[in-house]
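**Student:** What follows is a single structure, and I will ask about it in a moment.
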Amino acid sequence: MAGGETSIASPPPHGGEADAQPPRKKRRTKEEKEAARPKPPEHNPKGGCDVWIPKKGRFCNGPREKGTLFCGHHGGERVPCPINPNHTVKKCNLEEHKLVCQDRRRLPPVTEAYYRKGANAGGAPAAVGAAPSKESIAAAVEDMKAFLDTHTLFEDIEMQKHLWPGTAEAAAAEGDAGDDEDDDDDHGAAAPAPATGKQLKKHEKHAEQIGSMLGHLHALGAVPLRPITVTLHGPTKPGDRPREGAGAPPPVAPVGKDLRYMEFGCGKGSLAVSVARVLYGEQTEDPDAAVYLVDRSNFRRKCLHNSFRRIFVDLQDMVLDGVEGLRGVVGFSKHLCGCATDFTVRACARTPELMHSLVIALCCHHRCLYSAYLNHEYLAKHGVTPARFEALKKISSWTVDGDDADGGAKRRLGRKAKRFLDFGRVLWLRERGASVRLVHFVEESTTPENCLLIATFPQDFSADICPPCT
């Protein structure tokens, strides 16, 4: 070009070769990946353990044991541990390992008096055959949707929410939310660890539920009205201990000497810790604490204390009259999933002479089992077959995962399915002499699982307990 001008090429039109995407690389199958991996030599060239680790593409770095080609970890045949198959052990050391395995508490406590295999498992009617097919469940969903739309059997459930004194929500209701220092001085409670965002929201949600459950226990005469700071962990570190000195209330004696407090499906035990704080003050490690924690698993023990009595047993295998010294049981639980509620209710109703009251936050109905459900006569009366029971479980999950595109109709059907199953449990307990009711103990905005089953048994423990709320 003249004058040394350079030409500037015009950009290719939209959609041309410059915008073309390279073809995606085809993913290799598992077999192709295995074939592409380097083949290991016959022996470790470094003279170490001869076990080849495919994922790392090398031999084990452990030194060989004398007289073998393997290290101490890989030498000899290894088999899964019979107590916890998540780890393995040398076959020759199996019997010795079972005596020292850290997971041996997972074994059923067959030698304990409170263990009776399948005692609370229940049993479906003999006419029940094979498990329902997916097709029959899908058809049953439509049937149960029509049934729940017109069903009016179960009673109206009232909102009975309690604000426990000492909680942030109760202070806000009284107009004292901003006076934190005075609140600490009045109640002697350690200030909870600062939290923000999702952590704070989670803490407030659980503290509100625990506070309302404490209020219902007080209304039953099971615990005194004592202000506490509801937290999700116990005083397990020196920095978490409550302050001593003026303003800290002294520990008090239990409300009733004939009462025992048992949290079923306790997990970390945060609800039991709150109950113990109400009974004994903020110093929950009382040597005479009559608090029992029941669960089949060993969770992280953030809220446990030496004074709490931990029972490792599956709820379907537990008999209360086998626990030494048990009487006047105040049972409670904040998260008993599905059939665990049926196991617990059946265990308590089996020995009503030991029971004072039972308070359970009902949840996770999608994990119920037809064979374990309490009231098969109730199901048969309303034409609920095993396939329709599975449909009810599926519909119940709409309470928490149903969308609002249809104006909330799916959520309402989900709540109806939950209450239908819950009311069968209520009728079953009433037939056995218990006084039972269902209440909403927190707002649905706090948790969709906001229904509480409250049962009292016909024994008289009133001589040693505090008067109920009026």
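Numbering starts fresh at 1 for the residues of each chain in the structure tokens, the chains themselves are lettered A, B, ... in the order given, and ligands are numbered from 1 as they appear.
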Could you give me, as a PyMOL selection string, the residues within 12 Å of range 31-41 of chain A, counting only C-alpha atoms and dropping anything in the same chain fewer than 5 positions from it?
**Tutor:** chain A and resi 26+46+50-60
**Student:** Those residues you just picked out, can you put them in a file as a PDB file, in the first residue's frame with C-alpha atoms?
**Tutor:**
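Just written: out.pdb:
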ATOM      1  CA  LYS A  26     -14.954 -37.018  25.201  1.00  0.00           C
ATOM      2  CA  LYS A  46      13.382 -48.908  46.169  1.00  0.00           C
ATOM      3  CA  ASP A  50       5.488 -54.185  47.391  1.00  0.00           C
ATOM      4  CA  VAL A  51       1.871 -52.889  47.510  1.00  0.00           C
ATOM      5  CA  TRP A  52       1.073 -50.747  44.476  1.00  0.00           C
ATOM      6  CA  ILE A  53      -1.284 -47.784  45.082  1.00  0.00           C
ATOM      7  CA  PRO A  54      -3.170 -47.207  41.793  1.00  0.00           C
ATOM      8  CA  LYS A  55      -4.587 -43.771  42.607  1.00  0.00           C
ATOM      9  CA  LYS A  56      -1.128 -42.432  43.434  1.00  0.00           C
ATOM     10  CA  GLY A  57       0.691 -44.357  40.714  1.00  0.00           C
ATOM     11  CA  ARG A  58       3.445 -45.594  43.027  1.00  0.00           C
ATOM     12  CA  PHE A  59       4.397 -48.228  45.579  1.00  0.00           C
ATOM     13  CA  CYS A  60       3.707 -47.831  49.284  1.00  0.00           C
TER      14      CYS A  60
END
**Student:** Between CA of His335 in chain A and CA of Ser274 in chain A, what is the spacing in Å?
**Tutor:**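 About the pair CA of Ser274 in chain A and CA of His335 in chain A: they are 15.1 Å apart.
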**Student:** What lies within 12 Å of Phe332 in chain A using only C-alpha atoms, ignoring chain neighbours under 5 positions off, as a PyMOL selection string?
**Tutor:** chain A and resi 210+213-214+216-217+222+260-266+269-272+274-275+291-294+341+344-345+348+355-362+452-456
**Student:** DSSP says alpha helix (DSSP H) for which residues of range 59-161 of chain A? Put them as a list in words?
**Tutor:**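 Listing alpha helix (DSSP H) positions across range 59-161 of chain A yields Leu94, Glu95, Glu96, His97, Lys98, Leu99, Val100, Lys134, Glu135, Ser136, Ile137, Ala138, Ala139, Ala140, Val141, Glu142, Asp143, Met144, Lys145, Ala146, Phe147, Leu148, Asp149 and Thr150 of chain A.
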**Student:** Could you work out how far CA of Gly328 in chain A lies from CA of Leu163 in chain A, giving the answer in Å with one decimal?
**Tutor:** 25.8 Å
**Student:** Taking into account only C-alpha atoms, which residue in the set A:Gly281, A:Glu449, A:Gly72, A:Ala349 is nearest to Arg430 in chain A?
**Tutor:**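 Closest residue, counting only C-alpha atoms: A:Ala349.
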**Student:** Report, in Å to a single decimal, how far apart CA of Leu259 in chain A and CA of Ser297 in chain A are.
**Tutor:**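 Separation between CA of Ser297 in chain A and CA of Leu259 in chain A: 25.6 Å.
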**Student:** So, with only C-alpha atoms as the atoms that count, which of A:Glu42, A:Glu96, A:Asp321, A:Asp258 lies closest to Ala290 in chain A?
**Tutor:** A:Asp258
**Student:** Find the residues near Thr150 in chain A: any atom within 12 Å, counting only C-alpha atoms, skip ones fewer than 5 places away on the same chain, and give them as a list in words.
**Tutor:**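 These residues fall inside the cut-off: Asp143, Met144, Lys145, Leu413 and Lys416 of chain A.
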